[in-house]
Every structure is written in C-alpha cells, then in structure tokens.
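*Asks:* Below is target13.cif; it holds mmCIF, C-alpha atoms.
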```cif
data_query
#
loop_
_atom_site.label_atom_id
_atom_site.label_comp_id
_atom_site.auth_asym_id
_atom_site.auth_seq_id
_atom_site.Cartn_x
_atom_site.Cartn_y
_atom_site.Cartn_z
CA MET A 29 3.38 154.56 238.48
CA ASN A 30 1.39 157.02 236.39
CA THR A 31 4.61 158.08 234.64
CA TYR A 32 5.35 154.53 233.50
CA PHE A 33 1.77 153.98 232.37
CA SER A 34 1.87 157.25 230.43
CA MET A 35 5.14 156.26 228.74
CA PHE A 36 3.67 152.85 227.89
CA THR A 37 0.52 154.29 226.30
CA GLU A 38 2.54 156.89 224.37
CA ALA A 39 4.98 154.26 223.12
CA VAL A 40 2.16 152.01 221.91
CA PHE A 41 0.37 154.94 220.31
CA GLY A 42 3.58 156.08 218.61
CA LEU A 43 4.18 152.58 217.23
CA VAL A 44 0.61 152.27 215.93
CA ILE A 45 0.53 155.67 214.26
CA LEU A 46 3.96 155.16 212.66
CA PHE A 47 2.77 151.80 211.32
CA ILE A 48 -0.35 153.44 209.88
CA LEU A 49 1.78 156.15 208.31
CA THR A 50 4.02 153.51 206.71
CA LYS A 51 0.98 151.74 205.25
CA ILE A 52 -0.34 155.03 203.84
CA LEU A 53 2.97 155.97 202.21
CA GLY A 54 3.24 152.55 200.57
CA LYS A 55 5.68 149.64 200.41
CA THR A 56 8.13 151.45 198.15
CA GLN A 57 9.10 153.65 201.08
CA ILE A 58 10.57 150.54 202.70
CA SER A 59 12.11 148.75 199.73
CA GLN A 60 13.43 151.86 197.95
CA LEU A 61 15.04 154.00 200.63
CA THR A 62 16.29 157.14 198.89
CA PRO A 63 18.46 159.75 200.65
CA PHE A 64 15.35 161.86 201.31
CA ASP A 65 13.50 158.87 202.75
CA PHE A 66 16.47 158.03 204.98
CA VAL A 67 16.65 161.56 206.39
CA SER A 68 12.87 161.59 206.87
CA ALA A 69 12.88 158.27 208.73
CA VAL A 70 15.72 159.29 211.06
CA LEU A 71 14.18 162.69 211.80
CA LEU A 72 10.70 161.26 212.35
CA GLY A 73 12.04 158.61 214.71
CA GLU A 74 13.98 161.27 216.63
CA LEU A 75 10.92 163.50 216.96
CA VAL A 76 8.74 160.67 218.24
CA GLY A 77 11.48 159.47 220.60
CA ASN A 78 11.91 162.94 222.08
CA ALA A 79 8.15 163.29 222.50
CA LEU A 80 8.01 159.99 224.42
CA PHE A 81 10.49 161.19 227.05
CA ASP A 82 9.26 164.76 227.25
CA PRO A 83 7.10 165.07 230.39
CA ASP A 84 5.13 167.91 228.80
CA ALA A 85 4.34 165.90 225.66
CA GLY A 86 1.39 163.53 225.52
CA ILE A 87 -0.46 161.48 222.94
CA MET A 88 -1.87 164.56 221.22
CA GLU A 89 1.59 166.07 220.80
CA ILE A 90 2.98 162.81 219.36
CA ALA A 91 0.01 162.55 216.99
CA PHE A 92 0.53 166.15 215.88
CA VAL A 93 4.25 165.58 215.15
CA VAL A 94 3.61 162.37 213.18
CA ILE A 95 0.67 163.79 211.23
CA VAL A 96 2.52 166.99 210.28
CA PHE A 97 5.68 165.15 209.27
CA GLY A 98 3.68 162.44 207.47
CA THR A 99 1.83 165.12 205.55
CA ILE A 100 5.13 166.69 204.48
CA ILE A 101 6.47 163.31 203.28
CA TYR A 102 3.20 162.50 201.48
CA PHE A 103 3.19 165.94 199.82
CA THR A 104 6.81 165.46 198.73
CA GLU A 105 5.95 162.10 197.17
CA TRP A 106 3.00 163.71 195.38
CA VAL A 107 5.27 166.44 194.04
CA THR A 108 7.77 163.92 192.66
CA GLN A 109 4.94 162.04 190.95
CA LYS A 110 3.39 165.18 189.51
CA PHE A 111 6.54 167.05 188.50
CA LYS A 112 9.19 164.80 187.02
CA ARG A 113 11.96 167.39 187.20
CA THR A 114 11.87 167.30 191.01
CA ARG A 115 12.65 163.57 191.18
CA ALA A 116 16.38 163.94 190.63
CA LEU A 117 16.60 166.53 193.41
CA LEU A 118 14.48 164.73 196.02
CA GLU A 119 14.94 161.06 195.12
CA GLY A 120 18.30 161.13 193.39
CA SER A 121 19.19 159.71 189.99
CA PRO A 122 21.04 156.56 188.85
CA SER A 123 24.77 156.79 188.19
CA ILE A 124 26.65 154.62 185.69
CA VAL A 125 29.83 153.44 187.43
CA ILE A 126 30.85 150.85 184.80
CA TYR A 127 30.25 151.64 181.12
CA LYS A 128 31.09 149.11 178.42
CA GLY A 129 33.37 147.26 180.82
CA LYS A 130 35.26 150.36 181.96
CA MET A 131 34.97 151.93 185.41
CA ILE A 132 34.00 155.61 185.41
CA ARG A 133 36.29 156.95 188.10
CA ASP A 134 34.76 160.44 188.24
CA VAL A 135 31.29 159.02 188.90
CA MET A 136 32.64 156.66 191.57
CA LYS A 137 34.45 159.55 193.26
CA LYS A 138 31.32 161.71 193.16
CA ASN A 139 29.35 158.94 194.89
CA LYS A 140 32.10 158.36 197.48
CA MET A 141 32.66 154.83 196.14
CA ASP A 142 36.03 153.09 196.10
CA ILE A 143 37.01 149.88 194.33
CA ASN A 144 36.45 147.76 197.46
CA THR A 145 32.90 149.02 197.87
CA LEU A 146 32.22 148.38 194.19
CA GLN A 147 33.53 144.80 194.49
CA GLN A 148 31.34 144.18 197.53
CA LEU A 149 28.23 145.40 195.72
CA LEU A 150 29.14 143.24 192.72
CA ARG A 151 29.52 140.16 194.94
CA ASP A 152 25.99 140.81 196.22
CA LYS A 153 24.97 140.26 192.59
CA ASP A 154 27.02 137.02 192.34
CA VAL A 155 29.69 138.77 190.27
CA PHE A 156 33.20 138.05 191.53
CA SER A 157 35.28 139.64 188.78
CA LEU A 158 35.21 143.12 187.26
CA GLN A 159 35.91 141.67 183.84
CA GLU A 160 32.46 140.03 183.81
CA VAL A 161 30.64 143.38 183.90
CA GLU A 162 29.48 145.33 180.86
CA TYR A 163 27.35 147.90 182.70
CA ALA A 164 26.89 148.69 186.40
CA ILE A 165 24.45 151.34 187.60
CA LEU A 166 24.35 152.70 191.13
CA GLU A 167 20.69 153.26 191.98
CA PRO A 168 19.40 156.11 194.21
CA ASN A 169 18.72 153.63 197.03
CA GLY A 170 22.38 152.54 197.07
CA LYS A 171 21.90 149.21 195.29
CA LEU A 172 23.86 148.19 192.22
CA SER A 173 22.20 147.00 189.01
CA VAL A 174 24.51 144.87 186.88
CA MET A 175 24.47 143.70 183.27
CA LYS A 176 27.11 141.08 182.54
CA LYS A 177 29.04 140.77 179.31
CA SER A 178 27.44 138.35 176.87
CA ASP A 179 30.14 135.72 177.46
CA TYR A 180 29.22 135.58 181.16
CA GLN A 181 25.43 135.66 180.87
CA ALA A 182 23.53 132.46 181.61
CA PRO A 183 21.77 131.15 178.48
CA THR A 184 17.99 131.41 178.47
CA ARG A 185 15.47 129.00 176.99
CA LYS A 186 15.04 131.46 174.13
CA ASP A 187 18.78 131.45 173.45
CA MET A 188 18.71 127.65 173.29
CA LYS A 189 15.61 127.76 171.05
CA LEU A 190 13.53 125.76 173.50
CA ALA A 191 9.77 126.05 173.78
CA PRO A 192 8.65 128.41 176.58
CA GLN A 193 7.51 126.81 179.82
CA GLU A 194 4.72 127.89 182.12
CA VAL A 195 6.07 129.51 185.28
CA LYS A 196 4.48 127.97 188.37
CA LEU A 197 4.63 129.56 191.82
CA PRO A 198 5.54 127.14 194.65
CA THR A 199 3.21 126.93 197.65
CA LEU A 200 4.22 126.12 201.23
CA LEU A 201 2.11 123.27 202.64
CA ILE A 202 4.01 122.60 205.87
CA ASN A 203 5.73 125.21 207.99
CA ASP A 204 7.70 124.23 211.11
CA GLY A 205 5.92 120.88 211.36
CA GLU A 206 2.41 122.32 210.99
CA VAL A 207 0.12 121.86 207.99
CA ILE A 208 -1.06 125.07 206.31
CA TYR A 209 -4.64 124.01 205.61
CA ASP A 210 -5.59 127.19 203.73
CA ASN A 211 -2.85 126.51 201.16
CA LEU A 212 -3.95 122.87 200.83
CA LYS A 213 -7.50 124.00 200.14
CA GLU A 214 -6.33 126.66 197.67
CA LYS A 215 -4.50 123.99 195.64
CA ASN A 216 -7.42 121.52 195.88
CA LEU A 217 -5.29 119.08 197.85
CA THR A 218 -6.23 116.94 200.84
CA VAL A 219 -4.54 115.96 204.08
CA GLU A 220 -4.70 112.34 202.91
CA TRP A 221 -2.79 113.22 199.74
CA LEU A 222 -0.18 115.08 201.80
CA GLN A 223 0.25 112.11 204.14
CA GLU A 224 0.65 109.79 201.16
CA GLN A 225 3.36 112.02 199.70
CA LEU A 226 5.21 112.02 203.01
CA GLU A 227 5.12 108.23 203.23
CA LEU A 228 6.40 107.92 199.66
CA GLN A 229 9.52 109.80 200.74
CA GLY A 230 9.97 107.79 203.93
CA TYR A 231 8.33 109.99 206.57
CA ARG A 232 5.52 109.03 208.92
CA SER A 233 4.24 112.37 210.21
CA THR A 234 4.13 116.06 209.34
CA GLU A 235 5.92 116.65 212.66
CA GLU A 236 9.07 115.28 211.03
CA ILE A 237 8.97 117.99 208.35
CA PHE A 238 10.28 121.50 208.83
CA ALA A 239 8.91 122.70 205.46
CA ALA A 240 7.09 121.21 202.49
CA GLU A 241 6.89 123.07 199.18
CA TYR A 242 4.40 122.12 196.48
CA THR A 243 4.79 122.91 192.80
CA LYS A 244 2.26 121.51 190.35
CA GLY A 245 3.75 118.81 188.16
CA LYS A 246 6.73 118.20 190.45
CA ASP A 247 7.42 115.95 193.43
CA LEU A 248 6.69 117.46 196.82
CA PHE A 249 9.88 119.12 198.10
CA LEU A 250 10.49 118.26 201.76
CA VAL A 251 12.90 119.79 204.26
CA PRO A 252 13.01 117.50 207.34
CA PHE A 253 14.07 118.47 210.82
CA ILE A 254 17.65 117.42 211.53
CA ASN A 255 19.31 116.60 214.84
CA ARG A 256 22.71 117.69 216.08
CA ASN A 257 24.39 114.87 214.18
CA HIS A 258 22.83 116.16 210.91
CA GLU A 259 20.88 112.94 210.48
CA LYS A 260 17.25 112.60 209.50
CA TRP A 261 14.87 113.51 212.35
CA GLN A 262 13.64 110.46 214.24
#
```
Turn this file's structure into structure tokens for me.
*Replies:*
Amino acid sequence: MNTYFSMFTEAVFGLVILFILTKILGKTQISQLTPFDFVSAVLLGELVGNALFDPDAGIMEIAFVVIVFGTIIYFTEWVTQKFKRTRALLEGSPSIVIYKGKMIRDVMKKNKMDINTLQQLLRDKDVFSLQEVEYAILEPNGKLSVMKKSDYQAPTRKDMKLAPQEVKLPTLLINDGEVIYDNLKEKNLTVEWLQEQLELQGYRSTEEIFAAEYTKGKDLFLVPFINRNHEKWQ
C-alpha cells in the first residue's frame, strides 16, 4: 500500500513541478517547439518517468532532476537571447523551400521534405496548388509560412480604397447553455438584455443555446443545441 501511495505522491509532485517549469520557461516553449525543445521535452519526460518507477528515487530525486534540467534549458534560452549567433545552432533557422514560385529542391532535400509533405503543409495554409505560391518558408518549428502570388491574394480594404474599420474582439456570453456573467458585466450588458436578444431570435431560454458570441454593433450570434435530426433544440 505504501508503494502505491509513494508512486501517487511522486506522480503528483512530478506533474506540479513540470507545470511550474513550463510556466517559468514561457508560452513560446509550447507554441514554438524547436528541435532543441523537442529533445529537451522527450529527455525530461523520460527522466521523470524513470524516477517515478525507481524504488530508490523519491520526491527529492525527482525535484533534483527537474531543477537541474530546467536550469540547463533556461540557461540555453538565455544564451540564445544574449548571443544571436547561437540561435541558428540551438533553435534552427528558417529555410526557403519555394522562391519566386520555384521549388528549391536542394533545400527540400536537406530538410528531408518531399513534394507530398510540402503539399500537405500548403493545404494547412488553405493553399491547394503550387502555382499559387510565390514564397514558402519552412520555420524551425516545422511550420510553413506562405506568401501567395499577387493574383491569388485576397484583396484588403486598403487595396479597395475603403476607409479602415475598427477591429472589435468578440466576447462569449453563453457557453454550453450557461451564462458567463463576468463577460456580461465586462461589456456593461444585463441578463435582461441577453434574454431579450434570445427572444428576438426565437429562443426562450439560455439552456437552448450552446454558445452566444457578442460583437459590439452586430446582432448576437447564437449557436443552438441541435438534436439527432439536426433540428433546432426543443
């Protein structure tokens, strides 16, 4: 029984300390996973996992492993920020795989990328034909940045010589049938106003609504629950 309790406490402690380490290192460690970050994450997970199942390893040993490895990662990040020349070595550098509409085969080969992989990455960017692409850059985290040819770019308000519009961030007022009162208060709205908006669109209760999105100056956008027959929730 003591063995299971020990494993439980070590697992919880390992989870907590890894979470704290992630918060210290910053969000970019999650969203921009470079080759060095990938190796670090795999190795760190392996070290903690081995410590959990090692009968001679306890909480102090797990803490020591995480702290030492976290310090190494933090120091490496500090080095890349302080000395720019180390970034290409530790974080990698972008590679141009399409230049002025032409694929650079040598660069693709160096990055172990074939035409099928390139097409898949392009489709992730809503590009379904190679002829639409002017430039494509393979980033260190494995993502593809794409600039389309001018003929395939969507026109902007500036292109059409229209006056600029204020960009307004939508706010969720109902989530899974429940009112988010903090968001209502933030937007200086009331429950009575929300109920009135629901009734204007033919709904009686917030329980009929899966999600409600509010954007100032626009009608309240409602996503109702639907039944198996894809009809409006009753």
*Asks:* Provide the CA of Met175 (chain A) to CA of Tyr127 (chain A) distance in Å, to one decimal place.
*Replies:*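 Rounded to one decimal, the two atoms are 10.1 Å apart.
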*Asks:* Tell me, in Å to one decimal, how far CA of Gly245 (chain A) is from CA of Trp221 (chain A).
*Replies:* 14.4 Å
*Asks:* Between A:Ile124, A:Gln193, A:Lys130, A:Lys140, which has the minimum distance to Lys177 (chain A) (counting only C-alpha atoms)?
*Replies:*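 For Lys177 (chain A), the nearest of the given residues is A:Lys130.
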*Asks:* Would you work out the distance separating CA of Thr145 (chain A) from CA of Glu167 (chain A), expressed in Å to one decimal?
*Replies:* 14.2 Å
*Asks:* Can you work out which one of A:Gly170, A:Pro122, A:Pro183, A:Gly205 has the shortest atom-to-atom distance to Met141 (chain A), counting only C-alpha atoms?
*Replies:*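 Answer, going by the shortest atom-to-atom distance: A:Gly170.
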*Asks:* Around the point (31.8, 140.1, 176.9) in the file's coordinates, collect all residues with an atom within 12 Å, using only C-alpha atoms, and return them as number ranges by chain.
*Replies:* A: 128-130, 158-163, 175-181
*Asks:* Excluding Thr243 (chain A) and any residue of its chain fewer than 3 positions from it, enumerate the residues within 7 Å of it, using only C-alpha atoms, and give them as a list in words.
*Replies:*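 The residues that qualify are Lys196, Leu197, Pro198, Thr199 and Lys246 of chain A.
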*Asks:* Any chance you could resolve the PyMOL selection byres ((chain A and resi 173) around 9) against this file and give the residues as a PyMOL selection string?
*Replies:* chain A and resi 150+153+163-167+171-172+174-175
*Asks:* Just write region 141-157 of chain A with all heavy atoms, as a short mmCIF file (atom, residue, chain, number, x, y, z; two decimals), in the first residue's frame, taken from the block above.
*Replies:*
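Listing of selection_2.cif after writing:
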```cif
data_model
loop_
_atom_site.label_atom_id
_atom_site.label_comp_id
_atom_site.auth_asym_id
_atom_site.auth_seq_id
_atom_site.Cartn_x
_atom_site.Cartn_y
_atom_site.Cartn_z
N MET A 141 12.31 16.80 -46.89
CA MET A 141 10.94 17.13 -47.30
C MET A 141 10.72 16.70 -48.75
O MET A 141 11.50 17.06 -49.63
CB MET A 141 10.68 18.63 -47.15
CG MET A 141 9.32 19.08 -47.70
SD MET A 141 9.12 20.88 -47.66
CE MET A 141 8.84 21.11 -45.92
N ASP A 142 9.65 15.93 -48.98
CA ASP A 142 9.30 15.57 -50.35
C ASP A 142 8.10 16.40 -50.80
O ASP A 142 7.54 17.18 -50.03
CB ASP A 142 9.02 14.08 -50.48
CG ASP A 142 7.94 13.59 -49.52
OD1 ASP A 142 7.00 14.38 -49.23
OD2 ASP A 142 8.02 12.45 -49.06
N ILE A 143 7.69 16.23 -52.04
CA ILE A 143 6.63 17.03 -52.61
C ILE A 143 5.30 16.80 -51.89
O ILE A 143 4.50 17.72 -51.71
CB ILE A 143 6.49 16.76 -54.13
CG1 ILE A 143 5.46 17.70 -54.75
CG2 ILE A 143 6.13 15.32 -54.38
CD1 ILE A 143 5.86 19.13 -54.75
N ASN A 144 5.06 15.56 -51.44
CA ASN A 144 3.81 15.26 -50.75
C ASN A 144 3.73 15.98 -49.40
O ASN A 144 2.68 16.49 -49.01
CB ASN A 144 3.66 13.75 -50.55
CG ASN A 144 3.49 13.00 -51.85
OD1 ASN A 144 2.95 13.54 -52.80
ND2 ASN A 144 3.96 11.77 -51.91
N THR A 145 4.85 16.00 -48.69
CA THR A 145 4.89 16.71 -47.41
C THR A 145 4.67 18.20 -47.62
O THR A 145 3.94 18.86 -46.87
CB THR A 145 6.24 16.48 -46.71
OG1 THR A 145 6.45 15.08 -46.53
CG2 THR A 145 6.26 17.17 -45.36
N LEU A 146 5.30 18.75 -48.66
CA LEU A 146 5.14 20.16 -48.97
C LEU A 146 3.68 20.49 -49.29
O LEU A 146 3.12 21.48 -48.80
CB LEU A 146 6.03 20.55 -50.15
CG LEU A 146 5.92 22.00 -50.64
CD1 LEU A 146 6.26 22.98 -49.52
CD2 LEU A 146 6.81 22.22 -51.85
N GLN A 147 3.03 19.64 -50.08
CA GLN A 147 1.62 19.86 -50.42
C GLN A 147 0.73 19.80 -49.18
O GLN A 147 -0.21 20.58 -49.04
CB GLN A 147 1.16 18.83 -51.45
CG GLN A 147 1.72 19.06 -52.84
CD GLN A 147 1.26 18.00 -53.83
OE1 GLN A 147 1.33 16.80 -53.55
NE2 GLN A 147 0.77 18.43 -54.98
N GLN A 148 1.03 18.89 -48.27
CA GLN A 148 0.25 18.79 -47.04
C GLN A 148 0.37 20.06 -46.20
O GLN A 148 -0.62 20.58 -45.69
CB GLN A 148 0.71 17.59 -46.22
CG GLN A 148 -0.04 17.43 -44.90
CD GLN A 148 0.48 16.28 -44.07
OE1 GLN A 148 1.14 15.39 -44.59
NE2 GLN A 148 0.21 16.30 -42.79
N LEU A 149 1.61 20.55 -46.07
CA LEU A 149 1.83 21.78 -45.30
C LEU A 149 1.15 22.98 -45.97
O LEU A 149 0.65 23.88 -45.29
CB LEU A 149 3.33 22.03 -45.15
CG LEU A 149 4.08 21.03 -44.28
CD1 LEU A 149 5.59 21.28 -44.34
CD2 LEU A 149 3.59 21.09 -42.84
N LEU A 150 1.14 22.99 -47.30
CA LEU A 150 0.46 24.07 -48.02
C LEU A 150 -1.05 24.01 -47.80
O LEU A 150 -1.70 25.05 -47.63
CB LEU A 150 0.78 23.99 -49.51
CG LEU A 150 2.20 24.39 -49.93
CD1 LEU A 150 2.42 24.11 -51.40
CD2 LEU A 150 2.45 25.87 -49.63
N ARG A 151 -1.61 22.80 -47.80
CA ARG A 151 -3.05 22.67 -47.57
C ARG A 151 -3.44 23.15 -46.19
O ARG A 151 -4.55 23.67 -45.98
CB ARG A 151 -3.49 21.21 -47.78
CG ARG A 151 -3.50 20.78 -49.24
CD ARG A 151 -4.25 19.47 -49.42
NE ARG A 151 -3.57 18.35 -48.76
CZ ARG A 151 -2.66 17.59 -49.35
NH1 ARG A 151 -2.30 17.83 -50.62
NH2 ARG A 151 -2.11 16.58 -48.69
N ASP A 152 -2.53 23.00 -45.21
CA ASP A 152 -2.79 23.53 -43.87
C ASP A 152 -2.93 25.05 -43.90
O ASP A 152 -3.51 25.64 -42.99
CB ASP A 152 -1.66 23.15 -42.92
CG ASP A 152 -1.72 21.68 -42.52
OD1 ASP A 152 -2.82 21.09 -42.65
OD2 ASP A 152 -0.69 21.13 -42.09
N LYS A 153 -2.36 25.67 -44.94
CA LYS A 153 -2.46 27.12 -45.11
C LYS A 153 -3.53 27.49 -46.14
O LYS A 153 -3.55 28.61 -46.64
CB LYS A 153 -1.10 27.68 -45.58
CG LYS A 153 0.01 27.52 -44.56
CD LYS A 153 -0.24 28.35 -43.33
CE LYS A 153 0.91 28.26 -42.35
NZ LYS A 153 0.71 29.11 -41.16
N ASP A 154 -4.42 26.55 -46.45
CA ASP A 154 -5.51 26.77 -47.42
C ASP A 154 -4.98 27.05 -48.82
O ASP A 154 -5.58 27.82 -49.58
CB ASP A 154 -6.45 27.90 -46.97
CG ASP A 154 -7.19 27.55 -45.70
OD1 ASP A 154 -7.51 26.36 -45.51
OD2 ASP A 154 -7.46 28.46 -44.88
N VAL A 155 -3.84 26.46 -49.14
CA VAL A 155 -3.27 26.57 -50.48
C VAL A 155 -3.30 25.17 -51.11
O VAL A 155 -2.67 24.24 -50.59
CB VAL A 155 -1.82 27.09 -50.45
CG1 VAL A 155 -1.24 27.13 -51.85
CG2 VAL A 155 -1.77 28.48 -49.83
N PHE A 156 -4.02 25.02 -52.21
CA PHE A 156 -4.22 23.70 -52.79
C PHE A 156 -3.50 23.53 -54.13
O PHE A 156 -3.65 22.50 -54.78
CB PHE A 156 -5.72 23.42 -52.95
CG PHE A 156 -6.43 23.25 -51.64
CD1 PHE A 156 -6.90 24.35 -50.94
CD2 PHE A 156 -6.59 21.99 -51.09
CE1 PHE A 156 -7.54 24.20 -49.72
CE2 PHE A 156 -7.23 21.82 -49.87
CZ PHE A 156 -7.70 22.94 -49.18
N SER A 157 -2.73 24.52 -54.53
CA SER A 157 -1.98 24.41 -55.77
C SER A 157 -0.63 25.09 -55.61
O SER A 157 -0.53 26.19 -55.06
CB SER A 157 -2.75 25.06 -56.93
OG SER A 157 -1.97 25.06 -58.11
#
```
